Amino acid sequence: MSDRTRPPLPTALGIAVLAAVLMALLVPLFAGPAANLAPRDLPIAVVGPAPAVDELAGRLAAARPGAFEVTTLPDAATADRALRDRQVYGAFVVGPEGVALHTAAAASPTVAALLTEAAAQLSTGTGRPVPVVEVVPADPDDPRGAGFAAGFLPFAMAGMAAGALLTLLVASRVARLLGLMAFGVLAGGVGVAVLHGWLGVIAGNPFVEGAAVGLFALAAAATVSGLGALLGRAGIGLGALLVFLVGNPISAVGAAPELLPQPWGAVGQFLPVGAGGTLLRSVAFFDGAGAGWPVAVLAGYALVGLVLVLAARRPAVGAAPDGGDVAGPVTDTR
């Protein structure tokens, strides 16, 4: 039965049911991780004399069972180095005057606030507040990290759109490849101009930041375009699922992977948005510490996507299937 003779009412009802099912799946996917933010084996350090360290670690474990993965370090300088290297999110330093909290709010303002709350609980009954030392502070123009996190939504959407449009409208595989590379370069420049130059929510080396944004943009677009070249419209949908519908809510860009229900926090770091957020934080605030893994993840997506674009024999979706690279988009002549 053709589209013109298909009964309109069953079609309309079918679309309504499909949309409702999609909503039922997407709402918990987006809201579930946000509603269940809590520390789960969050890496922290405890510094000080052995008896005091053991006592403090025990108090932290009793107050929040399973929340912290505690590492004992010899001194405050070593703890601060661990914070700058992104090995821990915070350090409780036991000194002659009591406990002090050293934080790296740039890694996650949400975690820094959580650790500050835990420090306040430790001081209950002692009459002595726990001082907080910001070893790696968040950007003063974005102290809660909201601008940083929100900036990744349009990056992901733009990458998804670029990959889909290149697949739908460009038949030449070489032209698609060049389009993807050009998008990566342009996205890196535009992204750092907005986040660093205009909004001021990141404060690292702008050229390195631009390279990080460009690699993320290329990975997102190449994933969608490569899967589209391989599988057609279904591949575009699968790419959108990986890059945005699944990848965005479990990316932990606005929190930390250890705050999400597991294994989703870890899974999100294997997807482009999660890896992209981690990479940009690393180069913007930590001089590249912890950047190796997200670079490998994003480079893998970009490389596989580009190879699929070049190797797949399928013409552009909607292009005339003449078996070559010169087919143009189909024009409706009715």
# chains A, B, ... in the order shown; residues from 1 in each chain; ligands from 1

call {"tool": "select_by_dssp", "arguments": {"residues": "stretch 85-168 of chain A", "states": "alpha helix (DSSP H)", "output": "MDAnalysis selection string"}}
result
chainID A and resid 109:122 146:168

call {"tool": "residues_around", "arguments": {"residues": "A:Gln269", "least_positions_apart": "5", "cutoff": "10 Å", "atoms": "only C-alpha atoms", "output": "list in words"}}
result
Gly247, Ile250, Ser251, Ala252, Val253, Pro257, Trp264, Gly274, Ala275, Gly276, Gly277, Thr278, Trp293, Pro294 and Val297 of chain A

call {"tool": "write_last_selection", "arguments": {"atoms": "N, CA, C and O atoms", "output": "JSON list (two decimals), in the first residue's frame"}}
result
[["chain", "number", "residue", "atom", "x", "y", "z"],
["A", 247, "GLY", "N", 24.40, 9.15, 24.92],
["A", 247, "GLY", "CA", 25.68, 9.70, 25.37],
["A", 247, "GLY", "C", 25.57, 10.93, 26.24],
["A", 247, "GLY", "O", 26.34, 11.11, 27.19],
["A", 250, "ILE", "N", 24.42, 10.39, 30.23],
["A", 250, "ILE", "CA", 25.36, 9.66, 31.07],
["A", 250, "ILE", "C", 26.80, 10.15, 30.88],
["A", 250, "ILE", "O", 27.75, 9.49, 31.27],
["A", 251, "SER", "N", 26.93, 11.35, 30.30],
["A", 251, "SER", "CA", 28.27, 11.89, 30.05],
["A", 251, "SER", "C", 28.94, 12.41, 31.32],
["A", 251, "SER", "O", 30.16, 12.48, 31.38],
["A", 252, "ALA", "N", 28.16, 12.81, 32.32],
["A", 252, "ALA", "CA", 28.67, 13.38, 33.58],
["A", 252, "ALA", "C", 29.44, 14.68, 33.34],
["A", 252, "ALA", "O", 30.28, 15.05, 34.16],
["A", 253, "VAL", "N", 29.16, 15.38, 32.25],
["A", 253, "VAL", "CA", 29.85, 16.65, 31.99],
["A", 253, "VAL", "C", 29.56, 17.66, 33.09],
["A", 253, "VAL", "O", 30.43, 18.43, 33.48],
["A", 257, "PRO", "N", 31.76, 11.19, 36.75],
["A", 257, "PRO", "CA", 31.31, 9.81, 36.49],
["A", 257, "PRO", "C", 31.01, 9.02, 37.76],
["A", 257, "PRO", "O", 30.10, 8.19, 37.78],
["A", 264, "TRP", "N", 26.70, 3.19, 34.52],
["A", 264, "TRP", "CA", 26.49, 4.24, 33.53],
["A", 264, "TRP", "C", 27.54, 5.32, 33.58],
["A", 264, "TRP", "O", 27.90, 5.88, 32.54],
["A", 274, "GLY", "N", 30.89, 12.19, 26.84],
["A", 274, "GLY", "CA", 31.60, 12.01, 28.10],
["A", 274, "GLY", "C", 33.10, 12.18, 27.94],
["A", 274, "GLY", "O", 33.75, 12.87, 28.74],
["A", 275, "ALA", "N", 33.66, 11.55, 26.90],
["A", 275, "ALA", "CA", 35.10, 11.69, 26.66],
["A", 275, "ALA", "C", 35.45, 13.13, 26.31],
["A", 275, "ALA", "O", 36.49, 13.66, 26.74],
["A", 276, "GLY", "N", 34.59, 13.80, 25.53],
["A", 276, "GLY", "CA", 34.86, 15.18, 25.15],
["A", 276, "GLY", "C", 34.86, 16.12, 26.34],
["A", 276, "GLY", "O", 35.71, 17.01, 26.45],
["A", 277, "GLY", "N", 33.90, 15.94, 27.25],
["A", 277, "GLY", "CA", 33.86, 16.79, 28.44],
["A", 277, "GLY", "C", 35.08, 16.59, 29.32],
["A", 277, "GLY", "O", 35.66, 17.56, 29.83],
["A", 278, "THR", "N", 35.48, 15.34, 29.50],
["A", 278, "THR", "CA", 36.67, 15.05, 30.31],
["A", 278, "THR", "C", 37.92, 15.65, 29.68],
["A", 278, "THR", "O", 38.78, 16.22, 30.37],
["A", 293, "TRP", "N", 43.27, 9.11, 28.04],
["A", 293, "TRP", "CA", 42.16, 8.21, 27.74],
["A", 293, "TRP", "C", 41.09, 8.87, 26.87],
["A", 293, "TRP", "O", 40.69, 8.29, 25.85],
["A", 294, "PRO", "N", 40.58, 10.08, 27.20],
["A", 294, "PRO", "CA", 39.57, 10.67, 26.32],
["A", 294, "PRO", "C", 40.08, 10.96, 24.91],
["A", 294, "PRO", "O", 39.32, 10.85, 23.95],
["A", 297, "VAL", "N", 39.76, 7.68, 23.09],
["A", 297, "VAL", "CA", 38.36, 7.36, 22.78],
["A", 297, "VAL", "C", 37.86, 8.18, 21.60],
["A", 297, "VAL", "O", 37.29, 7.64, 20.64]]

call {"tool": "closest_residue", "arguments": {"among": "A:Ala19, A:Ala164, A:Leu279, A:Ala182", "to": "A:Ala229", "atoms": "only C-alpha atoms"}}
result
A:Ala164

call {"tool": "closest_atom_pairs", "arguments": {"of": "stretch 209-308 of chain A", "to": "stretch 72-85 of chain A", "cutoff": "7 Å", "atoms": "only C-alpha atoms", "output": "tab-separated table"}}
result
residue	atom	partner	partner_atom	distance
A:Phe286	CA	A:Arg84	CA	6.0
A:Ala289	CA	A:Asp85	CA	5.1
A:Gly290	CA	A:Asp85	CA	6.7

call {"tool": "write_last_selection", "arguments": {"atoms": "all heavy atoms", "output": "mmCIF file, in the first residue's frame"}}
result
data_model
loop_
_atom_site.group_PDB
_atom_site.id
_atom_site.type_symbol
_atom_site.label_atom_id
_atom_site.label_comp_id
_atom_site.auth_asym_id
_atom_site.auth_seq_id
_atom_site.Cartn_x
_atom_site.Cartn_y
_atom_site.Cartn_z
ATOM 1 N N PHE A 286 43.780 21.614 33.916
ATOM 2 C CA PHE A 286 44.773 20.726 34.539
ATOM 3 C C PHE A 286 46.006 20.509 33.661
ATOM 4 O O PHE A 286 46.716 19.515 33.830
ATOM 5 C CB PHE A 286 44.123 19.370 34.854
ATOM 6 C CG PHE A 286 43.029 19.448 35.889
ATOM 7 C CD1 PHE A 286 41.715 19.667 35.517
ATOM 8 C CD2 PHE A 286 43.321 19.332 37.237
ATOM 9 C CE1 PHE A 286 40.704 19.754 36.460
ATOM 10 C CE2 PHE A 286 42.322 19.412 38.195
ATOM 11 C CZ PHE A 286 41.005 19.628 37.802
ATOM 12 N N ALA A 289 46.499 16.994 32.241
ATOM 13 C CA ALA A 289 46.522 15.793 33.088
ATOM 14 C C ALA A 289 45.224 15.003 32.913
ATOM 15 O O ALA A 289 44.137 15.566 32.944
ATOM 16 C CB ALA A 289 46.699 16.185 34.549
ATOM 17 N N GLY A 290 45.352 13.711 32.724
ATOM 18 C CA GLY A 290 44.185 12.855 32.536
ATOM 19 C C GLY A 290 43.589 12.907 31.154
ATOM 20 O O GLY A 290 42.481 12.390 30.939
#

call {"tool": "closest_residue", "arguments": {"among": "A:Gly58, A:Pro96, A:Pro8, A:Gly228", "to": "A:Ala171", "atoms": "only C-alpha atoms"}}
result
A:Gly228

call {"tool": "residues_around", "arguments": {"residues": "stretch 207-211 of chain A", "least_positions_apart": "6", "cutoff": "6 Å", "atoms": "only C-alpha atoms", "output": "list in words"}}
result
Gly188, Gly189 and Val192 of chain A

call {"tool": "write_last_selection", "arguments": {"atoms": "N, CA, C and O atoms", "output": "PDB file, in the first residue's frame"}}
result
ATOM      1  N   GLY A 188      36.249  23.656  16.332  1.00  0.00           N
ATOM      2  CA  GLY A 188      37.247  23.948  17.344  1.00  0.00           C
ATOM      3  C   GLY A 188      37.458  25.446  17.505  1.00  0.00           C
ATOM      4  O   GLY A 188      37.512  25.965  18.628  1.00  0.00           O
ATOM      5  N   GLY A 189      37.546  26.158  16.382  1.00  0.00           N
ATOM      6  CA  GLY A 189      37.735  27.599  16.450  1.00  0.00           C
ATOM      7  C   GLY A 189      36.539  28.319  17.038  1.00  0.00           C
ATOM      8  O   GLY A 189      36.681  29.200  17.903  1.00  0.00           O
ATOM      9  N   VAL A 192      36.067  27.437  20.981  1.00  0.00           N
ATOM     10  CA  VAL A 192      36.973  28.115  21.915  1.00  0.00           C
ATOM     11  C   VAL A 192      36.726  29.624  21.900  1.00  0.00           C
ATOM     12  O   VAL A 192      36.888  30.295  22.927  1.00  0.00           O
TER      13      VAL A 192
END

call {"tool": "closest_residue", "arguments": {"among": "A:Ala63, A:Leu26, A:Val201, A:Val190", "to": "A:Ala150", "atoms": "only C-alpha atoms"}}
result
A:Val201

call {"tool": "closest_atom_pairs", "arguments": {"of": "stretch 199-290 of chain A", "to": "stretch 43-51 of chain A", "cutoff": "12 Å", "atoms": "only C-alpha atoms", "output": "JSON lines"}}
result
{"residue": "A:Ala256", "atom": "CA", "partner": "A:Pro43", "partner_atom": "CA", "distance": 11.0}
{"residue": "A:Pro257", "atom": "CA", "partner": "A:Pro43", "partner_atom": "CA", "distance": 11.1}
{"residue": "A:Glu258", "atom": "CA", "partner": "A:Pro43", "partner_atom": "CA", "distance": 8.5}
{"residue": "A:Leu259", "atom": "CA", "partner": "A:Pro43", "partner_atom": "CA", "distance": 11.1}

call {"tool": "write_last_selection", "arguments": {"atoms": "N, CA, C and O atoms", "output": "PDB file, in the first residue's frame"}}
result
ATOM      1  N   ALA A 256      30.252  14.263  37.717  1.00  0.00           N
ATOM      2  CA  ALA A 256      31.449  13.423  37.694  1.00  0.00           C
ATOM      3  C   ALA A 256      30.979  11.994  37.461  1.00  0.00           C
ATOM      4  O   ALA A 256      29.894  11.616  37.926  1.00  0.00           O
ATOM      5  N   PRO A 257      31.756  11.186  36.753  1.00  0.00           N
ATOM      6  CA  PRO A 257      31.311   9.808  36.491  1.00  0.00           C
ATOM      7  C   PRO A 257      31.014   9.021  37.760  1.00  0.00           C
ATOM      8  O   PRO A 257      30.103   8.189  37.777  1.00  0.00           O
ATOM      9  N   GLU A 258      31.745   9.317  38.834  1.00  0.00           N
ATOM     10  CA  GLU A 258      31.562   8.574  40.084  1.00  0.00           C
ATOM     11  C   GLU A 258      30.280   8.957  40.816  1.00  0.00           C
ATOM     12  O   GLU A 258      29.919   8.325  41.807  1.00  0.00           O
ATOM     13  N   LEU A 259      29.589   9.995  40.344  1.00  0.00           N
ATOM     14  CA  LEU A 259      28.324  10.381  40.970  1.00  0.00           C
ATOM     15  C   LEU A 259      27.120   9.723  40.318  1.00  0.00           C
ATOM     16  O   LEU A 259      26.028   9.731  40.886  1.00  0.00           O
TER      17      LEU A 259
END

call {"tool": "closest_residue", "arguments": {"among": "A:Gly200, A:Val213, A:Gly163, A:Ser172", "to": "A:Gly305", "atoms": "only C-alpha atoms"}}
result
A:Gly163

call {"tool": "closest_residue", "arguments": {"among": "A:Ala219, A:Ala104, A:Ala24, A:Val224", "to": "A:Ala161", "atoms": "only C-alpha atoms"}}
result
A:Val224

call {"tool": "closest_residue", "arguments": {"among": "A:Pro140, A:Gly184, A:Pro129, A:Pro154", "to": "A:Leu199", "atoms": "only C-alpha atoms"}}
result
A:Pro140

call {"tool": "select_by_dssp", "arguments": {"residues": "stretch 91-256 of chain A", "states": "strand (DSSP E)", "output": "ChimeraX atom specification"}}
result
/A:91-95,98-103,132-134

call {"tool": "write_last_selection", "arguments": {"atoms": "N, CA and C atoms", "output": "PDB file, in the first residue's frame"}}
result
ATOM      1  N   ALA A  91      41.199  16.215  49.133  1.00  0.00           N
ATOM      2  CA  ALA A  91      42.117  15.642  50.121  1.00  0.00           C
ATOM      3  C   ALA A  91      41.811  16.238  51.483  1.00  0.00           C
ATOM      4  N   PHE A  92      41.612  15.370  52.472  1.00  0.00           N
ATOM      5  CA  PHE A  92      41.444  15.785  53.854  1.00  0.00           C
ATOM      6  C   PHE A  92      42.821  15.719  54.520  1.00  0.00           C
ATOM      7  N   VAL A  93      43.316  16.878  54.899  1.00  0.00           N
ATOM      8  CA  VAL A  93      44.671  16.994  55.446  1.00  0.00           C
ATOM      9  C   VAL A  93      44.576  17.225  56.946  1.00  0.00           C
ATOM     10  N   VAL A  94      45.124  16.280  57.719  1.00  0.00           N
ATOM     11  CA  VAL A  94      45.117  16.374  59.181  1.00  0.00           C
ATOM     12  C   VAL A  94      46.414  17.052  59.628  1.00  0.00           C
ATOM     13  N   GLY A  95      46.277  18.198  60.271  1.00  0.00           N
ATOM     14  CA  GLY A  95      47.440  18.936  60.749  1.00  0.00           C
ATOM     15  C   GLY A  95      47.338  19.259  62.223  1.00  0.00           C
ATOM     16  N   GLY A  98      44.043  20.763  63.221  1.00  0.00           N
ATOM     17  CA  GLY A  98      42.824  20.059  62.846  1.00  0.00           C
ATOM     18  C   GLY A  98      42.833  19.642  61.386  1.00  0.00           C
ATOM     19  N   VAL A  99      41.640  19.444  60.831  1.00  0.00           N
ATOM     20  CA  VAL A  99      41.486  18.949  59.462  1.00  0.00           C
ATOM     21  C   VAL A  99      41.217  20.112  58.518  1.00  0.00           C
ATOM     22  N   ALA A 100      41.889  20.083  57.363  1.00  0.00           N
ATOM     23  CA  ALA A 100      41.620  21.027  56.281  1.00  0.00           C
ATOM     24  C   ALA A 100      41.252  20.235  55.027  1.00  0.00           C
ATOM     25  N   LEU A 101      40.392  20.796  54.204  1.00  0.00           N
ATOM     26  CA  LEU A 101      39.975  20.146  52.962  1.00  0.00           C
ATOM     27  C   LEU A 101      40.613  20.859  51.784  1.00  0.00           C
ATOM     28  N   HIS A 102      41.360  20.111  50.956  1.00  0.00           N
ATOM     29  CA  HIS A 102      41.915  20.632  49.715  1.00  0.00           C
ATOM     30  C   HIS A 102      41.065  20.095  48.562  1.00  0.00           C
ATOM     31  N   THR A 103      40.633  20.976  47.663  1.00  0.00           N
ATOM     32  CA  THR A 103      39.723  20.575  46.587  1.00  0.00           C
ATOM     33  C   THR A 103      40.267  20.956  45.218  1.00  0.00           C
ATOM     34  N   VAL A 132      38.721  25.295  53.776  1.00  0.00           N
ATOM     35  CA  VAL A 132      38.777  24.726  52.433  1.00  0.00           C
ATOM     36  C   VAL A 132      39.829  25.464  51.624  1.00  0.00           C
ATOM     37  N   VAL A 133      40.764  24.704  51.055  1.00  0.00           N
ATOM     38  CA  VAL A 133      41.821  25.250  50.208  1.00  0.00           C
ATOM     39  C   VAL A 133      41.538  24.814  48.775  1.00  0.00           C
ATOM     40  N   GLU A 134      41.322  25.780  47.891  1.00  0.00           N
ATOM     41  CA  GLU A 134      41.040  25.470  46.479  1.00  0.00           C
ATOM     42  C   GLU A 134      42.367  25.364  45.726  1.00  0.00           C
TER      43      GLU A 134
END

call {"tool": "residues_around", "arguments": {"residues": "A:Ala234", "least_positions_apart": "4", "cutoff": "12 Å", "atoms": "only C-alpha atoms", "output": "PDB file with all heavy atoms, in the first residue's frame"}}
result
ATOM      1  N   ALA A 164      24.800  14.023   9.903  1.00  0.00           N
ATOM      2  CA  ALA A 164      23.579  13.611   9.209  1.00  0.00           C
ATOM      3  C   ALA A 164      23.436  14.330   7.870  1.00  0.00           C
ATOM      4  O   ALA A 164      23.116  13.707   6.843  1.00  0.00           O
ATOM      5  CB  ALA A 164      22.366  13.884  10.094  1.00  0.00           C
ATOM      6  N   THR A 167      25.747  13.082   5.186  1.00  0.00           N
ATOM      7  CA  THR A 167      25.319  11.782   4.672  1.00  0.00           C
ATOM      8  C   THR A 167      24.116  11.924   3.758  1.00  0.00           C
ATOM      9  O   THR A 167      24.013  11.238   2.730  1.00  0.00           O
ATOM     10  CB  THR A 167      24.973  10.841   5.842  1.00  0.00           C
ATOM     11  OG1 THR A 167      26.100  10.743   6.707  1.00  0.00           O
ATOM     12  CG2 THR A 167      24.620   9.449   5.342  1.00  0.00           C
ATOM     13  N   VAL A 224      28.247   9.704  13.258  1.00  0.00           N
ATOM     14  CA  VAL A 224      26.940   9.736  12.598  1.00  0.00           C
ATOM     15  C   VAL A 224      27.095   9.515  11.096  1.00  0.00           C
ATOM     16  O   VAL A 224      26.359   8.720  10.485  1.00  0.00           O
ATOM     17  CB  VAL A 224      26.236  11.068  12.884  1.00  0.00           C
ATOM     18  CG1 VAL A 224      24.926  11.167  12.102  1.00  0.00           C
ATOM     19  CG2 VAL A 224      25.966  11.216  14.378  1.00  0.00           C
ATOM     20  N   SER A 225      28.053  10.196  10.479  1.00  0.00           N
ATOM     21  CA  SER A 225      28.231  10.084   9.034  1.00  0.00           C
ATOM     22  C   SER A 225      28.721   8.697   8.627  1.00  0.00           C
ATOM     23  O   SER A 225      28.272   8.135   7.629  1.00  0.00           O
ATOM     24  CB  SER A 225      29.216  11.148   8.547  1.00  0.00           C
ATOM     25  OG  SER A 225      29.270  11.194   7.141  1.00  0.00           O
ATOM     26  N   GLY A 226      29.649   8.133   9.407  1.00  0.00           N
ATOM     27  CA  GLY A 226      30.157   6.808   9.080  1.00  0.00           C
ATOM     28  C   GLY A 226      29.088   5.737   9.188  1.00  0.00           C
ATOM     29  O   GLY A 226      28.957   4.874   8.310  1.00  0.00           O
ATOM     30  N   LEU A 227      28.296   5.784  10.261  1.00  0.00           N
ATOM     31  CA  LEU A 227      27.215   4.804  10.402  1.00  0.00           C
ATOM     32  C   LEU A 227      26.149   5.031   9.341  1.00  0.00           C
ATOM     33  O   LEU A 227      25.545   4.070   8.838  1.00  0.00           O
ATOM     34  CB  LEU A 227      26.611   4.898  11.803  1.00  0.00           C
ATOM     35  CG  LEU A 227      27.504   4.388  12.936  1.00  0.00           C
ATOM     36  CD1 LEU A 227      26.887   4.712  14.298  1.00  0.00           C
ATOM     37  CD2 LEU A 227      27.729   2.879  12.811  1.00  0.00           C
ATOM     38  N   GLY A 228      25.916   6.299   8.977  1.00  0.00           N
ATOM     39  CA  GLY A 228      24.968   6.574   7.897  1.00  0.00           C
ATOM     40  C   GLY A 228      25.453   6.039   6.572  1.00  0.00           C
ATOM     41  O   GLY A 228      24.664   5.511   5.779  1.00  0.00           O
ATOM     42  N   ALA A 229      26.759   6.171   6.301  1.00  0.00           N
ATOM     43  CA  ALA A 229      27.310   5.630   5.062  1.00  0.00           C
ATOM     44  C   ALA A 229      27.201   4.108   5.009  1.00  0.00           C
ATOM     45  O   ALA A 229      27.010   3.514   3.958  1.00  0.00           O
ATOM     46  CB  ALA A 229      28.771   6.057   4.919  1.00  0.00           C
ATOM     47  N   LEU A 230      27.298   3.481   6.183  1.00  0.00           N
ATOM     48  CA  LEU A 230      27.256   2.018   6.238  1.00  0.00           C
ATOM     49  C   LEU A 230      25.835   1.473   6.224  1.00  0.00           C
ATOM     50  O   LEU A 230      25.546   0.499   5.521  1.00  0.00           O
ATOM     51  CB  LEU A 230      27.974   1.539   7.505  1.00  0.00           C
ATOM     52  CG  LEU A 230      28.073   0.029   7.720  1.00  0.00           C
ATOM     53  CD1 LEU A 230      28.978  -0.598   6.664  1.00  0.00           C
ATOM     54  CD2 LEU A 230      28.595  -0.270   9.125  1.00  0.00           C
ATOM     55  N   LEU A 238      21.239   5.456  14.602  1.00  0.00           N
ATOM     56  CA  LEU A 238      22.125   4.814  15.571  1.00  0.00           C
ATOM     57  C   LEU A 238      23.211   5.787  16.031  1.00  0.00           C
ATOM     58  O   LEU A 238      23.558   5.843  17.219  1.00  0.00           O
ATOM     59  CB  LEU A 238      22.758   3.571  14.959  1.00  0.00           C
ATOM     60  CG  LEU A 238      23.745   2.785  15.832  1.00  0.00           C
ATOM     61  CD1 LEU A 238      23.073   2.328  17.116  1.00  0.00           C
ATOM     62  CD2 LEU A 238      24.317   1.594  15.058  1.00  0.00           C
ATOM     63  N   GLY A 239      23.750   6.569  15.097  1.00  0.00           N
ATOM     64  CA  GLY A 239      24.760   7.562  15.467  1.00  0.00           C
ATOM     65  C   GLY A 239      24.199   8.612  16.408  1.00  0.00           C
ATOM     66  O   GLY A 239      24.849   9.000  17.381  1.00  0.00           O
ATOM     67  N   ALA A 240      22.971   9.077  16.128  1.00  0.00           N
ATOM     68  CA  ALA A 240      22.333  10.046  17.018  1.00  0.00           C
ATOM     69  C   ALA A 240      22.098   9.448  18.397  1.00  0.00           C
ATOM     70  O   ALA A 240      22.222  10.140  19.421  1.00  0.00           O
ATOM     71  CB  ALA A 240      21.009  10.510  16.408  1.00  0.00           C
ATOM     72  N   LEU A 241      21.787   8.174  18.441  1.00  0.00           N
ATOM     73  CA  LEU A 241      21.580   7.494  19.720  1.00  0.00           C
ATOM     74  C   LEU A 241      22.864   7.495  20.537  1.00  0.00           C
ATOM     75  O   LEU A 241      22.863   7.810  21.740  1.00  0.00           O
ATOM     76  CB  LEU A 241      21.107   6.065  19.457  1.00  0.00           C
ATOM     77  CG  LEU A 241      20.596   5.262  20.649  1.00  0.00           C
ATOM     78  CD1 LEU A 241      19.257   5.793  21.106  1.00  0.00           C
ATOM     79  CD2 LEU A 241      20.474   3.787  20.280  1.00  0.00           C
ATOM     80  N   VAL A 317      22.390   8.993   1.441  1.00  0.00           N
ATOM     81  CA  VAL A 317      20.992   8.679   1.670  1.00  0.00           C
ATOM     82  C   VAL A 317      20.143   9.706   0.942  1.00  0.00           C
ATOM     83  O   VAL A 317      20.279  10.908   1.137  1.00  0.00           O
ATOM     84  CB  VAL A 317      20.667   8.705   3.178  1.00  0.00           C
ATOM     85  CG1 VAL A 317      19.188   8.430   3.402  1.00  0.00           C
ATOM     86  CG2 VAL A 317      21.517   7.684   3.911  1.00  0.00           C
TER      87      VAL A 317
END

call {"tool": "atom_distance", "arguments": {"atom1": "atom CA of A:Ser123", "atom2": "atom CA of A:Leu56"}}
result
11.4 Å

call {"tool": "atom_distance", "arguments": {"atom1": "atom CA of A:Ala291", "atom2": "atom CA of A:Leu177"}}
result
25.9 Å

call {"tool": "decode", "arguments": {"residues": "stretch 69-86 of chain A", "atoms": "N, CA and C atoms", "output": "PDB file, in the first residue's frame"}}
result
ATOM      1  N   GLU A  69      36.561   6.239  47.860  1.00  0.00           N
ATOM      2  CA  GLU A  69      37.711   5.345  47.713  1.00  0.00           C
ATOM      3  C   GLU A  69      38.915   6.117  48.249  1.00  0.00           C
ATOM      4  N   VAL A  70      39.344   5.770  49.435  1.00  0.00           N
ATOM      5  CA  VAL A  70      40.325   6.578  50.163  1.00  0.00           C
ATOM      6  C   VAL A  70      41.747   6.110  49.865  1.00  0.00           C
ATOM      7  N   THR A  71      42.600   7.065  49.520  1.00  0.00           N
ATOM      8  CA  THR A  71      44.032   6.825  49.343  1.00  0.00           C
ATOM      9  C   THR A  71      44.790   7.604  50.407  1.00  0.00           C
ATOM     10  N   THR A  72      45.742   6.964  51.079  1.00  0.00           N
ATOM     11  CA  THR A  72      46.557   7.625  52.098  1.00  0.00           C
ATOM     12  C   THR A  72      47.814   8.196  51.448  1.00  0.00           C
ATOM     13  N   LEU A  73      48.053   9.476  51.649  1.00  0.00           N
ATOM     14  CA  LEU A  73      49.225  10.138  51.084  1.00  0.00           C
ATOM     15  C   LEU A  73      50.072  10.733  52.203  1.00  0.00           C
ATOM     16  N   PRO A  74      51.392  10.905  51.959  1.00  0.00           N
ATOM     17  CA  PRO A  74      52.295  11.271  53.064  1.00  0.00           C
ATOM     18  C   PRO A  74      52.197  12.716  53.521  1.00  0.00           C
ATOM     19  N   ASP A  75      51.887  13.646  52.600  1.00  0.00           N
ATOM     20  CA  ASP A  75      51.894  15.048  53.002  1.00  0.00           C
ATOM     21  C   ASP A  75      50.966  15.852  52.096  1.00  0.00           C
ATOM     22  N   ALA A  76      50.765  17.107  52.483  1.00  0.00           N
ATOM     23  CA  ALA A  76      49.838  17.969  51.751  1.00  0.00           C
ATOM     24  C   ALA A  76      50.338  18.267  50.342  1.00  0.00           C
ATOM     25  N   ALA A  77      51.651  18.412  50.174  1.00  0.00           N
ATOM     26  CA  ALA A  77      52.193  18.704  48.847  1.00  0.00           C
ATOM     27  C   ALA A  77      51.894  17.561  47.874  1.00  0.00           C
ATOM     28  N   THR A  78      52.049  16.327  48.334  1.00  0.00           N
ATOM     29  CA  THR A  78      51.743  15.169  47.487  1.00  0.00           C
ATOM     30  C   THR A  78      50.253  15.125  47.165  1.00  0.00           C
ATOM     31  N   ALA A  79      49.426  15.468  48.147  1.00  0.00           N
ATOM     32  CA  ALA A  79      47.982  15.496  47.911  1.00  0.00           C
ATOM     33  C   ALA A  79      47.615  16.552  46.871  1.00  0.00           C
ATOM     34  N   ASP A  80      48.229  17.717  46.960  1.00  0.00           N
ATOM     35  CA  ASP A  80      47.947  18.769  45.977  1.00  0.00           C
ATOM     36  C   ASP A  80      48.391  18.347  44.582  1.00  0.00           C
ATOM     37  N   ARG A  81      49.496  17.625  44.505  1.00  0.00           N
ATOM     38  CA  ARG A  81      49.952  17.131  43.206  1.00  0.00           C
ATOM     39  C   ARG A  81      48.954  16.124  42.645  1.00  0.00           C
ATOM     40  N   ALA A  82      48.410  15.269  43.507  1.00  0.00           N
ATOM     41  CA  ALA A  82      47.404  14.304  43.064  1.00  0.00           C
ATOM     42  C   ALA A  82      46.144  15.005  42.566  1.00  0.00           C
ATOM     43  N   LEU A  83      45.799  16.119  43.197  1.00  0.00           N
ATOM     44  CA  LEU A  83      44.653  16.900  42.728  1.00  0.00           C
ATOM     45  C   LEU A  83      44.922  17.497  41.352  1.00  0.00           C
ATOM     46  N   ARG A  84      46.102  18.027  41.150  1.00  0.00           N
ATOM     47  CA  ARG A  84      46.441  18.633  39.855  1.00  0.00           C
ATOM     48  C   ARG A  84      46.568  17.580  38.753  1.00  0.00           C
ATOM     49  N   ASP A  85      46.909  16.360  39.130  1.00  0.00           N
ATOM     50  CA  ASP A  85      47.033  15.270  38.148  1.00  0.00           C
ATOM     51  C   ASP A  85      45.716  14.525  37.934  1.00  0.00           C
ATOM     52  N   ARG A  86      44.641  14.995  38.555  1.00  0.00           N
ATOM     53  CA  ARG A  86      43.298  14.411  38.430  1.00  0.00           C
ATOM     54  C   ARG A  86      43.236  12.976  38.955  1.00  0.00           C
TER      55      ARG A  86
END
